[in-house]
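Trainee: Input file: run_12.txt. Contents: compact mmCIF, N, CA, C and O atoms.
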# COMPACT_ATOMS: atom_id res chain seq x y z
N MET A 73 15.36 3.57 -20.41
CA MET A 73 15.72 2.84 -21.61
C MET A 73 17.22 2.97 -21.89
O MET A 73 17.85 2.01 -22.27
N ARG A 74 17.80 4.12 -21.66
CA ARG A 74 19.22 4.31 -21.90
C ARG A 74 20.07 3.45 -20.96
O ARG A 74 21.07 2.90 -21.35
N LYS A 75 19.71 3.38 -19.71
CA LYS A 75 20.47 2.60 -18.74
C LYS A 75 20.48 1.12 -19.13
O LYS A 75 21.49 0.45 -19.06
N PHE A 76 19.37 0.60 -19.56
CA PHE A 76 19.28 -0.80 -19.96
C PHE A 76 20.19 -1.08 -21.16
O PHE A 76 20.92 -2.05 -21.18
N THR A 77 20.21 -0.21 -22.15
CA THR A 77 21.04 -0.37 -23.34
C THR A 77 22.52 -0.33 -22.97
O THR A 77 23.31 -1.12 -23.45
N SER A 78 22.91 0.58 -22.09
CA SER A 78 24.31 0.69 -21.68
C SER A 78 24.77 -0.57 -20.96
O SER A 78 25.86 -1.06 -21.18
N LEU A 79 23.95 -1.09 -20.09
CA LEU A 79 24.32 -2.31 -19.38
C LEU A 79 24.42 -3.50 -20.32
O LEU A 79 25.30 -4.33 -20.18
N LEU A 80 23.57 -3.57 -21.27
CA LEU A 80 23.60 -4.66 -22.24
C LEU A 80 24.87 -4.60 -23.08
O LEU A 80 25.54 -5.60 -23.27
N LEU A 81 25.26 -3.44 -23.55
CA LEU A 81 26.47 -3.29 -24.33
C LEU A 81 27.72 -3.58 -23.49
O LEU A 81 28.66 -4.19 -23.96
N LEU A 82 27.73 -3.13 -22.26
CA LEU A 82 28.85 -3.38 -21.37
C LEU A 82 29.03 -4.88 -21.14
O LEU A 82 30.12 -5.40 -21.21
N GLY A 83 27.96 -5.60 -20.92
CA GLY A 83 28.04 -7.05 -20.73
C GLY A 83 28.56 -7.76 -21.97
O GLY A 83 29.34 -8.69 -21.89
N PHE A 84 28.20 -7.28 -23.13
CA PHE A 84 28.68 -7.89 -24.38
C PHE A 84 30.17 -7.61 -24.57
O PHE A 84 30.92 -8.47 -24.96
N ALA A 85 30.62 -6.40 -24.26
CA ALA A 85 32.01 -6.04 -24.45
C ALA A 85 32.93 -6.85 -23.54
O ALA A 85 33.99 -7.26 -23.94
N ILE A 86 32.50 -7.10 -22.32
CA ILE A 86 33.32 -7.88 -21.39
C ILE A 86 33.49 -9.31 -21.90
O ILE A 86 34.56 -9.86 -21.89
N GLY A 87 32.44 -9.89 -22.42
CA GLY A 87 32.52 -11.25 -22.92
C GLY A 87 33.34 -11.39 -24.19
O GLY A 87 33.90 -12.43 -24.45
N SER A 88 33.47 -10.35 -24.96
CA SER A 88 34.18 -10.46 -26.24
C SER A 88 35.69 -10.29 -26.10
O SER A 88 36.41 -10.50 -27.06
N PHE A 89 36.20 -9.94 -24.90
CA PHE A 89 37.63 -9.75 -24.74
C PHE A 89 38.34 -10.99 -24.21
O PHE A 89 39.52 -10.93 -23.92
N ALA A 90 37.68 -12.09 -24.07
CA ALA A 90 38.31 -13.31 -23.58
C ALA A 90 39.32 -13.81 -24.61
O ALA A 90 39.04 -13.85 -25.80
N GLN A 91 40.51 -14.18 -24.15
CA GLN A 91 41.54 -14.67 -25.07
C GLN A 91 41.53 -16.18 -25.08
O GLN A 91 41.52 -16.81 -24.03
N THR A 92 41.55 -16.74 -26.24
CA THR A 92 41.62 -18.18 -26.40
C THR A 92 42.67 -18.50 -27.45
O THR A 92 42.81 -17.78 -28.43
N PRO A 93 43.44 -19.57 -27.27
CA PRO A 93 44.48 -19.89 -28.25
C PRO A 93 43.88 -20.26 -29.60
O PRO A 93 42.98 -21.09 -29.68
N GLY A 94 44.36 -19.62 -30.63
CA GLY A 94 43.90 -19.91 -31.98
C GLY A 94 42.47 -19.48 -32.25
O GLY A 94 41.90 -19.81 -33.26
N GLY A 95 41.87 -18.73 -31.33
CA GLY A 95 40.50 -18.29 -31.52
C GLY A 95 39.47 -19.37 -31.26
O GLY A 95 38.31 -19.23 -31.58
N VAL A 96 39.90 -20.49 -30.68
CA VAL A 96 38.99 -21.60 -30.39
C VAL A 96 38.49 -21.45 -28.97
O VAL A 96 39.26 -21.52 -28.01
N SER A 97 37.20 -21.21 -28.82
CA SER A 97 36.66 -20.99 -27.48
C SER A 97 36.50 -22.31 -26.73
O SER A 97 36.27 -23.36 -27.33
N GLY A 98 36.65 -22.26 -25.41
CA GLY A 98 36.44 -23.43 -24.58
C GLY A 98 37.62 -24.38 -24.52
O GLY A 98 37.52 -25.45 -23.95
N SER A 99 38.76 -24.01 -25.10
CA SER A 99 39.91 -24.93 -25.09
C SER A 99 40.57 -24.93 -23.73
O SER A 99 40.77 -23.89 -23.12
N GLU A 100 40.90 -26.09 -23.23
CA GLU A 100 41.56 -26.24 -21.94
C GLU A 100 43.03 -26.56 -22.11
O GLU A 100 43.83 -26.33 -21.23
N LEU A 101 43.39 -27.12 -23.24
CA LEU A 101 44.76 -27.56 -23.49
C LEU A 101 45.09 -27.24 -24.94
O LEU A 101 44.29 -27.53 -25.84
N TRP A 102 46.24 -26.62 -25.17
CA TRP A 102 46.62 -26.26 -26.54
C TRP A 102 48.12 -26.46 -26.68
O TRP A 102 48.91 -25.65 -26.24
N PHE A 103 48.53 -27.58 -27.28
CA PHE A 103 49.94 -27.87 -27.51
C PHE A 103 50.32 -27.56 -28.95
O PHE A 103 49.55 -27.82 -29.87
N LYS A 104 51.52 -26.99 -29.13
CA LYS A 104 52.12 -26.80 -30.44
C LYS A 104 53.55 -27.29 -30.35
O LYS A 104 54.19 -27.20 -29.31
N THR A 105 54.06 -27.81 -31.45
CA THR A 105 55.45 -28.22 -31.49
C THR A 105 56.32 -26.99 -31.60
O THR A 105 56.10 -26.15 -32.47
N ALA A 106 57.31 -26.86 -30.72
CA ALA A 106 58.18 -25.69 -30.69
C ALA A 106 59.60 -26.13 -30.35
O ALA A 106 59.80 -27.13 -29.65
N PRO A 107 60.60 -25.40 -30.86
CA PRO A 107 61.99 -25.75 -30.52
C PRO A 107 62.28 -25.46 -29.05
O PRO A 107 61.68 -24.57 -28.45
N LEU A 108 63.20 -26.22 -28.47
CA LEU A 108 63.59 -26.01 -27.07
C LEU A 108 64.29 -24.67 -26.88
O LEU A 108 64.18 -24.04 -25.84
N ASN A 109 65.06 -24.25 -27.87
CA ASN A 109 65.76 -22.97 -27.81
C ASN A 109 65.76 -22.34 -29.20
O ASN A 109 64.96 -22.73 -30.04
N SER A 110 66.65 -21.42 -29.48
CA SER A 110 66.65 -20.73 -30.77
C SER A 110 67.23 -21.57 -31.91
O SER A 110 67.13 -21.19 -33.07
N ASP A 111 67.83 -22.72 -31.61
CA ASP A 111 68.40 -23.60 -32.63
C ASP A 111 67.29 -24.41 -33.30
O ASP A 111 66.77 -25.35 -32.72
N LEU A 112 66.93 -24.05 -34.53
CA LEU A 112 65.86 -24.74 -35.24
C LEU A 112 66.26 -26.14 -35.70
O LEU A 112 65.42 -26.93 -36.10
N GLN A 113 67.55 -26.46 -35.66
CA GLN A 113 68.03 -27.79 -36.02
C GLN A 113 68.20 -28.68 -34.79
O GLN A 113 68.63 -29.82 -34.89
N GLY A 114 67.87 -28.18 -33.63
CA GLY A 114 68.04 -28.91 -32.37
C GLY A 114 66.84 -29.76 -32.01
O GLY A 114 66.22 -30.39 -32.87
N TYR A 115 66.48 -29.75 -30.75
CA TYR A 115 65.39 -30.57 -30.24
C TYR A 115 64.08 -29.79 -30.18
O TYR A 115 64.08 -28.58 -29.98
N TYR A 116 62.98 -30.52 -30.33
CA TYR A 116 61.64 -29.94 -30.29
C TYR A 116 60.83 -30.60 -29.18
O TYR A 116 61.09 -31.73 -28.78
N ARG A 117 59.83 -29.87 -28.69
CA ARG A 117 58.93 -30.38 -27.65
C ARG A 117 57.52 -29.87 -27.93
O ARG A 117 57.32 -29.00 -28.77
N TRP A 118 56.57 -30.42 -27.22
CA TRP A 118 55.20 -29.91 -27.29
C TRP A 118 55.09 -28.81 -26.25
O TRP A 118 55.23 -29.07 -25.05
N GLN A 119 54.82 -27.58 -26.68
CA GLN A 119 54.71 -26.44 -25.78
C GLN A 119 53.24 -26.10 -25.57
O GLN A 119 52.46 -26.07 -26.51
N ASP A 120 52.89 -25.84 -24.32
CA ASP A 120 51.51 -25.50 -23.96
C ASP A 120 51.26 -24.02 -24.20
O ASP A 120 51.94 -23.17 -23.64
N PHE A 121 50.28 -23.70 -25.06
CA PHE A 121 49.93 -22.32 -25.36
C PHE A 121 48.61 -21.91 -24.71
O PHE A 121 48.09 -20.84 -24.99
N SER A 122 48.06 -22.74 -23.83
CA SER A 122 46.80 -22.39 -23.17
C SER A 122 47.03 -21.51 -21.95
O SER A 122 46.08 -21.02 -21.36
N GLY A 123 48.29 -21.33 -21.56
CA GLY A 123 48.60 -20.46 -20.43
C GLY A 123 48.77 -21.20 -19.12
O GLY A 123 48.99 -20.58 -18.09
N ASP A 124 48.69 -22.52 -19.12
CA ASP A 124 48.81 -23.29 -17.88
C ASP A 124 50.22 -23.83 -17.65
O ASP A 124 50.48 -24.42 -16.62
N SER A 125 51.11 -23.69 -18.62
CA SER A 125 52.50 -24.18 -18.53
C SER A 125 52.56 -25.68 -18.26
O SER A 125 53.39 -26.15 -17.48
N ILE A 126 51.70 -26.44 -18.88
CA ILE A 126 51.69 -27.90 -18.75
C ILE A 126 52.76 -28.47 -19.67
O ILE A 126 52.97 -27.99 -20.78
N ARG A 127 53.47 -29.49 -19.20
CA ARG A 127 54.48 -30.14 -20.04
C ARG A 127 54.09 -31.59 -20.27
O ARG A 127 53.53 -32.24 -19.38
N LEU A 128 54.39 -32.10 -21.45
CA LEU A 128 54.13 -33.50 -21.77
C LEU A 128 55.31 -34.32 -21.28
O LEU A 128 56.43 -34.18 -21.78
N MET A 129 55.08 -35.17 -20.28
CA MET A 129 56.15 -35.91 -19.63
C MET A 129 56.10 -37.39 -20.00
O MET A 129 55.03 -37.94 -20.24
N LEU A 130 57.28 -38.01 -20.00
CA LEU A 130 57.42 -39.45 -20.21
C LEU A 130 57.85 -40.08 -18.89
O LEU A 130 58.61 -39.48 -18.13
N LEU A 131 57.39 -41.28 -18.64
CA LEU A 131 57.77 -42.03 -17.45
C LEU A 131 58.42 -43.33 -17.92
O LEU A 131 57.77 -44.16 -18.56
N ASP A 132 59.72 -43.50 -17.65
CA ASP A 132 60.40 -44.71 -18.11
C ASP A 132 60.19 -45.87 -17.13
O ASP A 132 59.52 -45.72 -16.11
N SER A 133 60.76 -47.01 -17.45
CA SER A 133 60.55 -48.22 -16.65
C SER A 133 61.12 -48.10 -15.24
O SER A 133 60.71 -48.82 -14.34
N ARG A 134 62.08 -47.19 -15.02
CA ARG A 134 62.67 -46.99 -13.70
C ARG A 134 61.89 -45.98 -12.87
O ARG A 134 62.22 -45.72 -11.73
N GLY A 135 60.86 -45.36 -13.47
CA GLY A 135 60.06 -44.37 -12.75
C GLY A 135 60.59 -42.96 -12.87
O GLY A 135 60.18 -42.08 -12.13
N VAL A 136 61.53 -42.75 -13.80
CA VAL A 136 62.11 -41.42 -13.98
C VAL A 136 61.27 -40.64 -14.99
O VAL A 136 60.99 -41.13 -16.08
N LYS A 137 60.86 -39.41 -14.61
CA LYS A 137 60.07 -38.57 -15.51
C LYS A 137 60.99 -37.62 -16.27
O LYS A 137 61.94 -37.08 -15.70
N SER A 138 60.68 -37.44 -17.55
CA SER A 138 61.41 -36.47 -18.37
C SER A 138 60.44 -35.91 -19.42
O SER A 138 59.47 -36.57 -19.79
N GLU A 139 60.71 -34.69 -19.86
CA GLU A 139 59.85 -34.07 -20.86
C GLU A 139 60.10 -34.72 -22.23
O GLU A 139 61.24 -35.02 -22.59
N LEU A 140 59.03 -34.91 -22.98
CA LEU A 140 59.14 -35.49 -24.32
C LEU A 140 59.81 -34.48 -25.24
O LEU A 140 59.31 -33.38 -25.45
N THR A 141 60.99 -34.83 -25.75
CA THR A 141 61.70 -34.02 -26.74
C THR A 141 62.17 -34.94 -27.85
O THR A 141 62.51 -36.10 -27.61
N LEU A 142 62.18 -34.41 -29.06
CA LEU A 142 62.64 -35.17 -30.22
C LEU A 142 63.61 -34.32 -31.03
O LEU A 142 63.42 -33.10 -31.14
N PRO A 143 64.63 -34.96 -31.65
CA PRO A 143 65.54 -34.20 -32.49
C PRO A 143 64.85 -33.76 -33.79
O PRO A 143 63.84 -34.33 -34.19
N ASN A 144 65.40 -32.75 -34.43
CA ASN A 144 64.83 -32.22 -35.66
C ASN A 144 64.68 -33.31 -36.72
O ASN A 144 63.74 -33.28 -37.52
N SER A 145 65.54 -34.31 -36.72
CA SER A 145 65.46 -35.38 -37.72
C SER A 145 64.19 -36.22 -37.56
O SER A 145 63.76 -36.89 -38.50
N SER A 146 63.56 -36.20 -36.38
CA SER A 146 62.33 -36.96 -36.14
C SER A 146 61.07 -36.11 -36.27
O SER A 146 59.96 -36.61 -36.10
N VAL A 147 61.23 -34.82 -36.55
CA VAL A 147 60.09 -33.91 -36.64
C VAL A 147 59.58 -33.88 -38.07
O VAL A 147 60.36 -33.81 -39.02
N HIS A 148 58.26 -33.98 -38.23
CA HIS A 148 57.62 -33.87 -39.54
C HIS A 148 57.07 -32.45 -39.68
O HIS A 148 56.74 -31.81 -38.70
N TYR A 149 56.96 -31.99 -40.93
CA TYR A 149 56.46 -30.64 -41.18
C TYR A 149 55.20 -30.72 -42.04
O TYR A 149 55.19 -31.40 -43.06
N PHE A 150 54.16 -30.03 -41.61
CA PHE A 150 52.91 -29.92 -42.35
C PHE A 150 52.63 -28.44 -42.58
O PHE A 150 52.49 -27.69 -41.61
N ASN A 151 52.54 -28.03 -43.84
CA ASN A 151 52.34 -26.61 -44.17
C ASN A 151 53.38 -25.74 -43.48
O ASN A 151 53.05 -24.69 -42.94
N PHE A 152 54.62 -26.18 -43.46
CA PHE A 152 55.75 -25.46 -42.88
C PHE A 152 55.67 -25.34 -41.36
O PHE A 152 56.40 -24.58 -40.75
N ASN A 153 54.81 -26.11 -40.72
CA ASN A 153 54.69 -26.13 -39.26
C ASN A 153 55.23 -27.44 -38.73
O ASN A 153 54.84 -28.51 -39.21
N PRO A 154 56.13 -27.40 -37.73
CA PRO A 154 56.66 -28.66 -37.18
C PRO A 154 55.58 -29.41 -36.40
O PRO A 154 54.68 -28.82 -35.81
N SER A 155 55.65 -30.73 -36.44
CA SER A 155 54.73 -31.53 -35.66
C SER A 155 55.42 -32.82 -35.21
O SER A 155 56.28 -33.34 -35.89
N LEU A 156 55.06 -33.29 -34.02
CA LEU A 156 55.63 -34.52 -33.46
C LEU A 156 54.69 -35.66 -33.73
O LEU A 156 53.51 -35.54 -33.64
What would you get if you wrote out this structure as structure tokens?

Mentor:
Amino acid sequence: MRKFTSLLLLGFAIGSFAQTPGGVSGSELWFKTAPLNSDLQGYYRWQDFSGDSIRLMLLDSRGVKSELTLPNSSVHYFNFNPSL
């Protein structure tokens, strides 16, 4: 009986240590608006917080890819959090 209880608790403990962004389980993609550098009046981008380092890219008419960035003047704030 003791061995069964120990195995059951061990299995539960392993499952409870999984890290998820914002505490939302099952998330595959988690973007937040963040400044490009320490200048809060500069440019902002969507930063991936899911751990995959995915970037939101734009493709122009010439086929050139670049990361989506916007100046602070185009950023809106909701509850003191920047958003694009």

Trainee: Identify, on the basis of all atoms listed in the file, every residue whose closest approach to Ser138 in chain A does not exceed 4.5 Å; exclude the query and any residue fewer than 2 positions from it along the same chain; express the result as a ChimeraX atom specification.

Mentor: /A:128-130,136,140

Trainee: Which is closest to Pro143 in chain A among A:Trp102, A:Phe121, A:Tyr115, A:Leu156, if we use only N, CA, C and O atoms?

Mentor: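 Residue with the minimum atom-to-atom distance to Pro143 in chain A: A:Tyr115.
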
Trainee: State, in Å with one decimal place, the distance from CA of Ser146 in chain A to CA of Gln113 in chain A.

Mentor: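 Going from CA of Ser146 in chain A over to CA of Gln113 in chain A, I get 10.8 Å.
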
Trainee: Between atom C of Pro154 in chain A and CA of Ser133 in chain A, what is the distance in Å, rounded to a tenth?

Mentor: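 Between atom C of Pro154 in chain A and CA of Ser133 in chain A the gap works out to 27.7 Å.
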
Trainee: What separation in Å, quoted to one decimal, exists between atom O of Phe150 in chain A and atom N of Asp124 in chain A?

Mentor: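 Between these atoms lies a distance of 23.4 Å.
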
Trainee: Using only N, CA, C and O atoms, can you tell me which of A:Leu142, A:Asn153, A:Asp132, A:Val147 comes closest to Gly114 in chain A?

Mentor: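 Of the candidates, the smallest distance to Gly114 in chain A is held by A:Leu142.
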
Trainee: Need to verify the contact set: Arg117 in chain A, 4.5 Å, all atoms listed in the file, exclusion of same-chain residues closer than 6 positions in sequence. Can you return it as a VMD selection string?

Mentor: chain A and resid 104 to 106 140

Trainee: Taking only C-alpha atoms into account, name the residue in A:Asn151, A:Trp118, A:Asp111, A:Ser97 that is nearest to Glu139 in chain A.

Mentor: A:Trp118

Trainee: Select, from A:Gly135, A:Gly123, A:Tyr116, A:Tyr149, the residue with the minimum atom-to-atom distance to Leu101 in chain A, counting all atoms listed in the file.

Mentor: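 Closest residue, counting all atoms listed in the file: A:Gly123.
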
Trainee: My structure is short of atoms at range 111-122 of chain A; please model all heavy atoms there, returning them as a compact mmCIF listing (two decimals), in the frame of the given file.

Mentor:
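Saved file result-v3.txt follows:
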# COMPACT_ATOMS: atom_id res chain seq x y z
N ASP A 111 67.83 -22.72 -31.61
CA ASP A 111 68.40 -23.60 -32.63
C ASP A 111 67.29 -24.41 -33.30
O ASP A 111 66.77 -25.35 -32.72
CB ASP A 111 69.43 -24.53 -31.99
CG ASP A 111 70.07 -25.47 -33.00
OD1 ASP A 111 69.97 -25.22 -34.22
OD2 ASP A 111 70.69 -26.46 -32.55
N LEU A 112 66.93 -24.05 -34.53
CA LEU A 112 65.86 -24.74 -35.24
C LEU A 112 66.26 -26.14 -35.70
O LEU A 112 65.42 -26.93 -36.10
CB LEU A 112 65.40 -23.91 -36.44
CG LEU A 112 64.81 -22.54 -36.09
CD1 LEU A 112 64.41 -21.81 -37.35
CD2 LEU A 112 63.64 -22.68 -35.14
N GLN A 113 67.55 -26.46 -35.66
CA GLN A 113 68.03 -27.79 -36.02
C GLN A 113 68.20 -28.68 -34.79
O GLN A 113 68.63 -29.82 -34.89
CB GLN A 113 69.36 -27.69 -36.79
CG GLN A 113 69.27 -26.90 -38.07
CD GLN A 113 68.23 -27.46 -39.02
OE1 GLN A 113 68.13 -28.67 -39.21
NE2 GLN A 113 67.45 -26.58 -39.62
N GLY A 114 67.87 -28.18 -33.63
CA GLY A 114 68.04 -28.91 -32.37
C GLY A 114 66.84 -29.76 -32.01
O GLY A 114 66.22 -30.39 -32.87
N TYR A 115 66.48 -29.75 -30.75
CA TYR A 115 65.39 -30.57 -30.24
C TYR A 115 64.08 -29.79 -30.18
O TYR A 115 64.08 -28.58 -29.98
CB TYR A 115 65.74 -31.10 -28.84
CG TYR A 115 66.68 -32.28 -28.90
CD1 TYR A 115 68.04 -32.09 -29.06
CD2 TYR A 115 66.20 -33.57 -28.81
CE1 TYR A 115 68.91 -33.17 -29.14
CE2 TYR A 115 67.04 -34.65 -28.87
CZ TYR A 115 68.40 -34.45 -29.04
OH TYR A 115 69.24 -35.52 -29.11
N TYR A 116 62.98 -30.52 -30.33
CA TYR A 116 61.64 -29.94 -30.29
C TYR A 116 60.83 -30.60 -29.18
O TYR A 116 61.09 -31.73 -28.78
CB TYR A 116 60.92 -30.15 -31.63
CG TYR A 116 61.39 -29.19 -32.70
CD1 TYR A 116 62.60 -29.36 -33.34
CD2 TYR A 116 60.60 -28.10 -33.07
CE1 TYR A 116 63.03 -28.48 -34.32
CE2 TYR A 116 61.01 -27.22 -34.04
CZ TYR A 116 62.23 -27.42 -34.67
OH TYR A 116 62.64 -26.53 -35.63
N ARG A 117 59.83 -29.87 -28.69
CA ARG A 117 58.93 -30.38 -27.65
C ARG A 117 57.52 -29.87 -27.93
O ARG A 117 57.32 -29.00 -28.77
CB ARG A 117 59.37 -29.89 -26.28
CG ARG A 117 59.22 -28.39 -26.13
CD ARG A 117 59.72 -27.93 -24.79
NE ARG A 117 59.62 -26.49 -24.69
CZ ARG A 117 59.02 -25.86 -23.70
NH1 ARG A 117 58.48 -26.55 -22.72
NH2 ARG A 117 58.98 -24.56 -23.67
N TRP A 118 56.57 -30.42 -27.22
CA TRP A 118 55.20 -29.91 -27.29
C TRP A 118 55.09 -28.81 -26.25
O TRP A 118 55.23 -29.07 -25.05
CB TRP A 118 54.19 -31.00 -27.03
CG TRP A 118 53.86 -31.80 -28.24
CD1 TRP A 118 54.46 -31.72 -29.47
CD2 TRP A 118 52.85 -32.79 -28.35
NE1 TRP A 118 53.89 -32.60 -30.32
CE2 TRP A 118 52.89 -33.27 -29.67
CE3 TRP A 118 51.93 -33.30 -27.48
CZ2 TRP A 118 52.04 -34.25 -30.12
CZ3 TRP A 118 51.07 -34.28 -27.92
CH2 TRP A 118 51.13 -34.74 -29.23
N GLN A 119 54.82 -27.58 -26.68
CA GLN A 119 54.71 -26.44 -25.78
C GLN A 119 53.24 -26.10 -25.57
O GLN A 119 52.46 -26.07 -26.51
CB GLN A 119 55.45 -25.24 -26.35
CG GLN A 119 55.48 -24.06 -25.42
CD GLN A 119 56.34 -22.93 -25.97
OE1 GLN A 119 57.03 -23.09 -26.96
NE2 GLN A 119 56.28 -21.80 -25.32
N ASP A 120 52.89 -25.84 -24.32
CA ASP A 120 51.51 -25.50 -23.96
C ASP A 120 51.26 -24.02 -24.20
O ASP A 120 51.94 -23.17 -23.64
CB ASP A 120 51.28 -25.84 -22.49
CG ASP A 120 49.90 -25.45 -22.01
OD1 ASP A 120 48.97 -25.42 -22.84
OD2 ASP A 120 49.75 -25.19 -20.82
N PHE A 121 50.28 -23.70 -25.06
CA PHE A 121 49.93 -22.32 -25.36
C PHE A 121 48.61 -21.91 -24.71
O PHE A 121 48.09 -20.84 -24.99
CB PHE A 121 49.85 -22.10 -26.87
CG PHE A 121 51.20 -21.98 -27.52
CD1 PHE A 121 51.89 -23.11 -27.93
CD2 PHE A 121 51.80 -20.75 -27.68
CE1 PHE A 121 53.14 -23.01 -28.52
CE2 PHE A 121 53.05 -20.64 -28.26
CZ PHE A 121 53.71 -21.77 -28.67
N SER A 122 48.06 -22.74 -23.83
CA SER A 122 46.80 -22.39 -23.17
C SER A 122 47.03 -21.51 -21.95
O SER A 122 46.08 -21.02 -21.36
CB SER A 122 46.04 -23.65 -22.76
OG SER A 122 46.76 -24.36 -21.78
